[in-house]
Structures are given as structure tokens and as C-alpha cells.
file final.txt (compact mmCIF, C-alpha atoms and all ligand atoms)
# COMPACT_ATOMS: atom_id res chain seq x y z
CA MET F 1 49.82 15.26 58.74
CA GLU F 2 47.50 17.57 60.60
CA GLU F 3 43.80 16.82 60.23
CA TYR F 4 41.61 19.35 58.38
CA ARG F 5 37.82 19.06 58.36
CA ILE F 6 36.06 20.51 55.37
CA VAL F 7 32.36 20.68 54.50
CA SER F 8 31.21 20.68 50.87
CA PHE F 9 28.26 23.04 50.81
CA SER F 10 26.24 23.28 47.59
CA GLY F 11 23.62 25.68 48.90
CA GLY F 12 20.90 23.04 48.43
CA LYS F 13 18.64 21.60 51.12
CA ASP F 14 20.73 18.52 51.97
CA SER F 15 24.10 20.17 52.46
CA THR F 16 22.44 23.12 54.22
CA ALA F 17 20.75 20.76 56.69
CA MET F 18 23.99 18.85 57.21
CA LEU F 19 26.01 21.99 57.82
CA LEU F 20 23.50 23.58 60.21
CA ARG F 21 23.25 20.37 62.23
CA LEU F 22 27.01 19.82 62.34
CA MET F 23 27.42 23.35 63.67
CA GLU F 24 24.65 22.76 66.19
CA LEU F 25 26.45 19.63 67.40
CA GLY F 26 29.67 21.62 67.71
CA GLU F 27 31.50 19.38 65.25
CA PRO F 28 35.05 20.69 64.73
CA ILE F 29 34.96 22.14 61.20
CA ASN F 30 37.91 24.03 59.73
CA GLU F 31 36.39 25.23 56.48
CA VAL F 32 33.17 25.30 54.47
CA ILE F 33 33.48 25.55 50.69
CA TRP F 34 30.83 26.70 48.23
CA CYS F 35 31.27 26.91 44.47
CA ASP F 36 29.53 29.62 42.45
CA THR F 37 28.55 28.55 38.91
CA TYR F 38 27.53 32.15 37.99
CA LYS F 39 24.02 30.82 37.23
CA GLU F 40 22.43 30.36 40.61
CA PHE F 41 19.00 31.80 41.35
CA PRO F 42 19.16 35.23 43.01
CA ALA F 43 17.36 33.69 46.02
CA MET F 44 20.10 31.05 46.21
CA TYR F 45 22.80 33.75 46.36
CA ARG F 46 20.90 35.38 49.22
CA HIS F 47 20.55 32.00 50.98
CA VAL F 48 24.30 31.38 50.68
CA GLU F 49 25.01 34.83 52.13
CA ARG F 50 22.84 34.00 55.16
CA VAL F 51 24.54 30.65 55.72
CA LYS F 52 27.95 32.23 55.21
CA ALA F 53 27.20 34.79 57.94
CA ALA F 54 26.16 31.99 60.34
CA VAL F 55 29.29 29.98 59.51
CA LYS F 56 31.57 32.96 60.07
CA GLU F 57 29.82 33.80 63.32
CA ALA F 58 30.65 30.28 64.49
CA GLY F 59 34.31 31.08 63.81
CA ILE F 60 34.56 28.79 60.78
CA LYS F 61 36.24 29.76 57.53
CA PHE F 62 33.86 30.08 54.56
CA THR F 63 35.47 29.95 51.13
CA VAL F 64 33.71 30.94 47.91
CA LEU F 65 35.19 29.13 44.92
CA LYS F 66 34.61 30.31 41.37
CA ASN F 67 36.12 29.73 37.98
CA GLU F 68 38.01 32.86 36.95
CA TYR F 69 36.10 32.80 33.65
CA SER F 70 32.34 33.09 33.62
CA PHE F 71 29.77 30.52 32.53
CA ASP F 72 28.96 32.78 29.56
CA HIS F 73 32.61 32.92 28.55
CA TYR F 74 32.77 29.12 28.26
CA MET F 75 29.34 28.86 26.69
CA PHE F 76 29.66 31.55 24.03
CA ASP F 77 33.20 32.82 23.61
CA ARG F 78 35.74 30.16 24.52
CA GLU F 79 37.90 29.25 21.55
CA ILE F 80 37.77 25.50 21.11
CA THR F 81 39.70 23.12 18.90
CA ARG F 82 37.14 20.51 17.96
CA LYS F 83 37.78 16.98 16.81
CA ASN F 84 34.17 16.72 15.66
CA SER F 85 34.42 18.34 12.25
CA SER F 86 30.67 18.02 11.62
CA ILE F 87 30.03 20.74 14.23
CA ASN F 88 32.64 22.97 12.60
CA GLU F 89 31.12 22.43 9.16
CA LYS F 90 27.52 22.77 10.24
CA TYR F 91 27.98 25.87 12.42
CA ASN F 92 30.97 27.49 10.74
CA PHE F 93 33.60 26.93 13.46
CA PRO F 94 31.55 28.23 16.40
CA ASN F 95 33.10 29.39 19.64
CA GLY F 96 31.99 28.12 23.03
CA PHE F 97 30.74 24.82 24.39
CA SER F 98 27.10 25.95 24.07
CA TRP F 99 24.37 24.26 26.13
CA ALA F 100 25.22 21.20 28.17
CA GLY F 101 23.66 17.91 27.08
CA PRO F 102 23.17 14.59 28.87
CA ARG F 103 26.48 13.32 27.48
CA MET F 104 28.36 16.62 27.54
CA ARG F 105 27.95 18.30 30.89
CA TRP F 106 30.96 20.57 30.43
CA CYS F 107 29.67 23.04 33.02
CA THR F 108 29.51 20.49 35.85
CA ARG F 109 33.18 19.77 35.26
CA THR F 110 34.46 23.23 34.36
CA MET F 111 32.38 25.43 36.63
CA LYS F 112 32.27 23.07 39.64
CA LEU F 113 34.39 19.91 39.83
CA ASP F 114 37.66 21.31 38.45
CA VAL F 115 37.42 24.40 40.65
CA ILE F 116 36.69 22.38 43.80
CA ASN F 117 39.35 19.77 43.04
CA LYS F 118 42.00 22.45 42.54
CA HIS F 119 41.22 23.87 45.98
CA LEU F 120 41.21 20.43 47.62
CA SER F 121 44.47 19.39 45.93
CA ALA F 122 46.24 22.42 47.40
CA LEU F 123 44.90 21.57 50.88
CA LYS F 124 45.89 17.92 50.54
CA LYS F 125 49.53 18.95 50.25
CA LYS F 126 49.38 20.33 53.78
CA TYR F 127 46.67 18.40 55.58
CA ARG F 128 44.98 15.08 55.97
CA LEU F 129 41.55 16.06 54.72
CA ILE F 130 38.32 14.86 56.26
CA GLN F 131 35.44 15.76 53.96
CA TYR F 132 31.77 15.97 54.90
CA THR F 133 29.34 15.47 52.02
CA GLY F 134 25.57 16.03 52.14
CA ILE F 135 24.18 12.85 50.67
CA ALA F 136 20.70 12.14 52.03
CA ALA F 137 19.75 8.74 53.45
CA ASP F 138 17.41 8.10 50.50
CA GLU F 139 20.10 8.90 47.96
CA GLN F 140 22.57 6.23 48.96
CA PHE F 141 23.18 5.19 45.34
CA ARG F 142 25.39 8.31 45.21
CA LEU F 143 27.71 6.70 47.77
CA GLU F 144 28.88 4.30 45.08
CA ARG F 145 30.35 7.16 43.05
CA LYS F 146 34.11 7.31 43.25
CA ALA F 147 34.07 11.04 43.97
CA ASN F 148 32.19 10.40 47.23
CA SER F 149 34.27 7.52 48.54
CA GLY F 150 36.28 8.08 51.70
CA HIS F 151 34.06 11.00 52.77
CA ILE F 152 31.93 11.27 55.89
CA HIS F 153 28.18 11.23 55.15
CA PRO F 154 26.43 12.48 58.30
CA LEU F 155 22.94 12.50 56.73
CA VAL F 156 23.23 8.79 55.97
CA GLU F 157 24.48 8.12 59.51
CA TRP F 158 21.56 10.10 60.97
CA GLY F 159 19.03 8.52 58.58
CA TRP F 160 17.96 11.95 57.26
CA THR F 161 16.04 11.77 53.98
CA GLU F 162 15.78 14.66 51.50
CA GLN F 163 12.36 15.59 52.88
CA MET F 164 13.66 15.55 56.46
CA CYS F 165 16.54 17.83 55.42
CA LEU F 166 14.12 20.30 53.86
CA GLU F 167 11.89 20.30 56.92
CA TYR F 168 14.89 20.77 59.20
CA CYS F 169 16.02 23.80 57.19
CA TYR F 170 12.51 25.28 57.28
CA SER F 171 12.40 24.75 61.04
CA LYS F 172 15.61 26.75 61.32
CA GLY F 173 14.17 29.60 59.24
CA TYR F 174 15.92 28.86 55.94
CA ASP F 175 13.40 28.62 53.08
CA TRP F 176 15.22 29.84 49.94
CA GLU F 177 12.36 32.35 49.48
CA GLY F 178 10.18 29.42 48.39
CA LEU F 179 12.42 27.93 45.66
CA TYR F 180 11.85 24.37 46.90
CA ARG F 181 8.10 24.89 46.87
CA LYS F 182 8.28 25.85 43.20
CA PHE F 183 10.91 23.43 41.86
CA ASP F 184 11.57 19.77 42.59
CA ARG F 185 15.32 20.33 41.99
CA VAL F 186 17.14 23.61 42.45
CA SER F 187 20.28 24.04 40.36
CA CYS F 188 21.38 26.53 37.69
CA TRP F 189 18.25 28.38 36.53
CA CYS F 190 19.28 27.98 32.88
CA CYS F 191 20.04 24.24 33.07
CA PRO F 192 18.83 22.49 29.89
CA LEU F 193 18.72 19.20 31.79
CA GLN F 194 15.94 20.26 34.13
CA SER F 195 12.40 18.96 33.67
CA LEU F 196 9.77 20.58 31.46
CA ASP F 197 7.74 21.26 34.60
CA ASN F 198 10.62 23.21 36.10
CA LEU F 199 10.98 25.19 32.88
CA ARG F 200 7.24 26.01 32.91
CA THR F 201 7.69 27.28 36.46
CA LEU F 202 10.75 29.30 35.49
CA ARG F 203 8.77 31.02 32.72
CA LYS F 204 5.83 31.75 35.00
CA GLU F 205 7.58 32.71 38.23
CA PHE F 206 10.83 34.21 36.92
CA PRO F 207 9.97 35.89 33.59
CA ASP F 208 13.19 37.93 33.59
CA LEU F 209 15.35 34.79 33.87
CA TRP F 210 13.21 33.04 31.25
CA GLU F 211 13.76 35.98 28.90
CA GLU F 212 17.51 35.79 29.55
CA LEU F 213 17.45 32.07 28.77
CA ARG F 214 15.68 32.77 25.45
CA GLN F 215 18.32 35.34 24.57
CA MET F 216 21.10 32.88 25.47
CA ASP F 217 19.56 30.32 23.14
CA LYS F 218 19.57 32.83 20.29
CA ARG F 219 23.27 33.53 20.83
CA THR F 220 24.55 29.96 20.70
CA TRP F 221 24.96 27.21 18.12
CA ARG F 222 23.39 24.22 19.89
CA ASN F 223 19.63 24.11 20.57
CA PHE F 224 18.57 24.45 24.19
CA ARG F 225 17.27 20.87 24.20
CA ALA F 226 17.30 18.07 21.64
CA ASP F 227 13.50 18.25 21.35
CA PHE F 228 12.83 22.00 21.70
CA THR F 229 14.63 25.28 21.25
CA ALA F 230 13.82 27.93 23.87
CA GLU F 231 11.61 29.69 21.30
CA GLN F 232 9.69 26.48 20.64
CA LEU F 233 9.24 25.97 24.36
CA GLU F 234 7.91 29.51 24.64
CA LYS F 235 5.35 28.70 21.93
CA ARG F 236 4.43 25.41 23.57
CA PHE F 237 3.97 26.94 27.02
CA ALA F 238 1.94 29.84 25.56
CA LEU F 239 -0.27 27.31 23.76
CA GLU F 240 -0.73 25.35 26.99
CA ASP F 241 -1.76 28.55 28.80
CA SER F 242 -4.25 29.49 26.14
CA ARG F 243 -5.77 25.99 25.91
CA THR F 244 -6.00 25.71 29.70
CA ALA F 245 -7.86 29.03 29.79
CA GLN F 246 -10.31 27.61 27.23
CA GLY F 247 -10.76 24.39 29.19
CA LEU F 248 -8.98 22.32 26.51
CA THR F 249 -6.57 19.49 27.21
CA VAL F 250 -2.81 19.99 27.30
CA GLU F 251 -2.10 16.29 27.76
CA PRO F 252 1.03 15.72 25.60
CA ARG F 253 -0.26 12.49 24.06
CA ASN F 254 -3.69 13.87 23.20
CA LYS F 255 -4.25 14.01 19.42
CA ASP F 256 -5.86 17.48 19.45
CA PHE F 257 -3.09 18.93 21.57
CA ARG F 258 -0.40 17.43 19.38
CA LYS F 259 -2.04 18.84 16.27
CA ALA F 260 -2.35 22.30 17.83
CA LEU F 261 1.30 22.12 18.97
CA LYS F 262 2.46 21.18 15.50
CA GLU F 263 0.61 24.17 14.07
CA ALA F 264 1.96 26.50 16.78
CA LEU F 265 5.51 25.39 16.04
CA GLY F 266 4.99 25.86 12.35
S1 LIG F 301 23.04 22.36 36.84
FE1 LIG F 301 22.97 22.13 34.59
S2 LIG F 301 23.77 24.06 33.79
FE2 LIG F 301 24.38 23.95 35.96
S3 LIG F 301 26.40 23.03 35.96
FE3 LIG F 301 24.96 21.35 36.19
S4 LIG F 301 24.54 20.60 34.10
FE4 LIG F 301 25.49 22.63 33.95

call {"tool": "encode", "arguments": {"input": "final.txt", "output": "C-alpha cells"}}
result
Amino acid sequence: MEEYRIVSFSGGKDSTAMLLRLMELGEPINEVIWCDTYKEFPAMYRHVERVKAAVKEAGIKFTVLKNEYSFDHYMFDREITRKNSSINEKYNFPNGFSWAGPRMRWCTRTMKLDVINKHLSALKKKYRLIQYTGIAADEQFRLERKANSGHIHPLVEWGWTEQMCLEYCYSKGYDWEGLYRKFDRVSCWCCPLQSLDNLRTLRKEFPDLWEELRQMDKRTWRNFRADFTAEQLEKRFALEDSRTAQGLTVEPRNKDFRKALKEALG
């Protein structure tokens, strides 16, 4: 079978660095694939457009993959037959998968993996695929995952760590409009699995997206996180702002802070 070289591009710093460097080295690439979850940061969409233009200019095919149904469709409207009758009873047969949780990351599978695998399966019927994956040298534990076996990992071969990838991208003029200076991880802006620090930053730096997240939480049956709804987080962050302005502690284990938080949450 004819060989076909394909780069999995997530839009993040590692796969961006890998792709830019592979192109610089003149590596023969047939296609670059990127999967849109519908919930990327606006700056990420603009970054992908820039990379896409560079890829096309190099004469390489750039394919945008996307589930035909939106994230919101699966989250709010999808009709689901549930085996777990307690959810049906508690929430009166709700539609949609609602927010992802640590043990139920439906969106990773439905909005990304299934869409990518469908595309790759079609290619595998015609070609012998050679896949490049952007796993950084300091993330080698990811190599053990079955999904990454048999791929080429240039960043590991080059010894490029996550920090080196970021610096390489900056040196080439790609800076995601500062997203990586604000967040330690950049993924879907509404991800409930991101850290509290990232959510604080989202509220402060992207108030329109934060407001959209609050509205999403009101529309769905599962709380945003096991410990806080979006409304409770809003109250917590507002309390932190006000206490910081007064020079009071916002240390989560501090007794005074905990008491004030309890009162704020009612
Ligand atoms: S980043 Fe979060 S919201 Fe986005 S697909 Fe992954 S688990 Fe789901």
C-alpha cells in the first residue's frame, strides 16, 4: 500500500511546534488534520487559521474535522436512553449528556476521538498511514497509551519539552494572543475539568465566555463541578475579589475564609 503521512494537529503548543519544525525540515507530509470541538477559544480559532494558511502555502492538505452535531446538541438536546434510572428519576428524564466529569468525558470521545478515528479509518483502507503525534519529551508517559502506539513522536526524538515547544512557537511569531501566558492548559474554554485557577482567569479575562458558561450551567441537569455549580463559583470568586481588596486572606483552608464562603454560598 502507498504510504501516507499525516500530522495530528490539536492547535496547542506541542503539536504546533512539531508541525512548524517538520515543515521547516521539509518532511514529506501529505495531510494535517485538526478537529474542532465547537468550544475552542476565539484566539485558538484564529491561531488555527494562521497555521492552516502556512500549511496550505507549503502545498500540504489541511483538513478540518468536526462532528456534524454541535457540542451543545450533545450536551443539552441529545435524546439518550439511560441505564442509570436514578438520573431519570432525579431529573425527570433529562436530555443531553450534560457536563463531562472525570469518569464520563463524553465530549473527548464524541467531539474528538470518534471524529478523528472515522477519518483515519477511511484513509487506512487506501494507504499505509504514518502518523505524527506531538507528545513532548517531558510527557513520555503518554507514549504508553494504546492510542499513541505505532506513531512517530518527533518531539521525543528531538528532546523537546513542553516549555521548549512554547518558546519555539513564540520565536516563530505564534503566541495564541497570550492564551498560554494566562492559562497553564489551553483546551475547551468551558471544560469543567480545568483547574480553579484557570476558571478564575476565564472569569477575569473572558467575561463574555464566563457568562456563557454560567448560562450553560443553568440549562443543564448536572452541576458544572461536583463541588461547585457555576453560580457558586461566581459567588466564591466575587468573595475572593472583595476580600483581596480589603487585604483579607483567601487561603482556602483559612477558618475565616471558609466561614465567609459558607455565608456567601448561603
Ligand atoms: S477539554 Fe474538557 S470539555 Fe473539551 S472535550 Fe475535553 S473533557 Fe470535554

call {"tool": "closest_atom_pairs", "arguments": {"input": "final.txt", "of": "segment 101-174 of chain F", "to": "segment 217-233 of chain F", "cutoff": "12 Å", "atoms": "only C-alpha atoms", "output": "Markdown table"}}
result
| residue | atom | partner | partner_atom | distance |
| --- | --- | --- | --- | --- |
| F:Gly101 | CA | F:Arg225 | CA | 7.6 |
| F:Pro102 | CA | F:Arg225 | CA | 9.8 |
| F:Arg103 | CA | F:Ala226 | CA | 11.9 |
| F:Met104 | CA | F:Arg222 | CA | 11.9 |

call {"tool": "residues_near_ligand", "arguments": {"input": "final.txt", "ligand": "ligand LIG 301 (chain F)", "cutoff": "6 Å", "atoms": "all atoms listed in the file", "output": "ChimeraX atom specification"}}
result
/F:100,105,107-108,187-188,191,193

call {"tool": "closest_residue", "arguments": {"input": "final.txt", "among": "F:Cys35, F:Leu196, F:Cys165, F:Leu202", "to": "Lys182 of chain F", "atoms": "all atoms listed in the file"}}
result
F:Leu202

call {"tool": "closest_residue", "arguments": {"input": "final.txt", "among": "F:Ser10, F:Phe71, F:Leu179, F:Ile152", "to": "Trp106 of chain F", "atoms": "only C-alpha atoms"}}
result
F:Phe71

call {"tool": "closest_atom_pairs", "arguments": {"input": "final.txt", "of": "segment 121-215 of chain F", "to": "segment 41-65 of chain F", "cutoff": "7 Å", "atoms": "only C-alpha atoms", "output": "JSON lines"}}
result
{"residue": "F:Trp176", "atom": "CA", "partner": "F:His47", "partner_atom": "CA", "distance": 5.8}
{"residue": "F:Glu177", "atom": "CA", "partner": "F:Ala43", "partner_atom": "CA", "distance": 6.2}
{"residue": "F:Cys188", "atom": "CA", "partner": "F:Phe41", "partner_atom": "CA", "distance": 6.8}
{"residue": "F:Trp189", "atom": "CA", "partner": "F:Phe41", "partner_atom": "CA", "distance": 6.0}
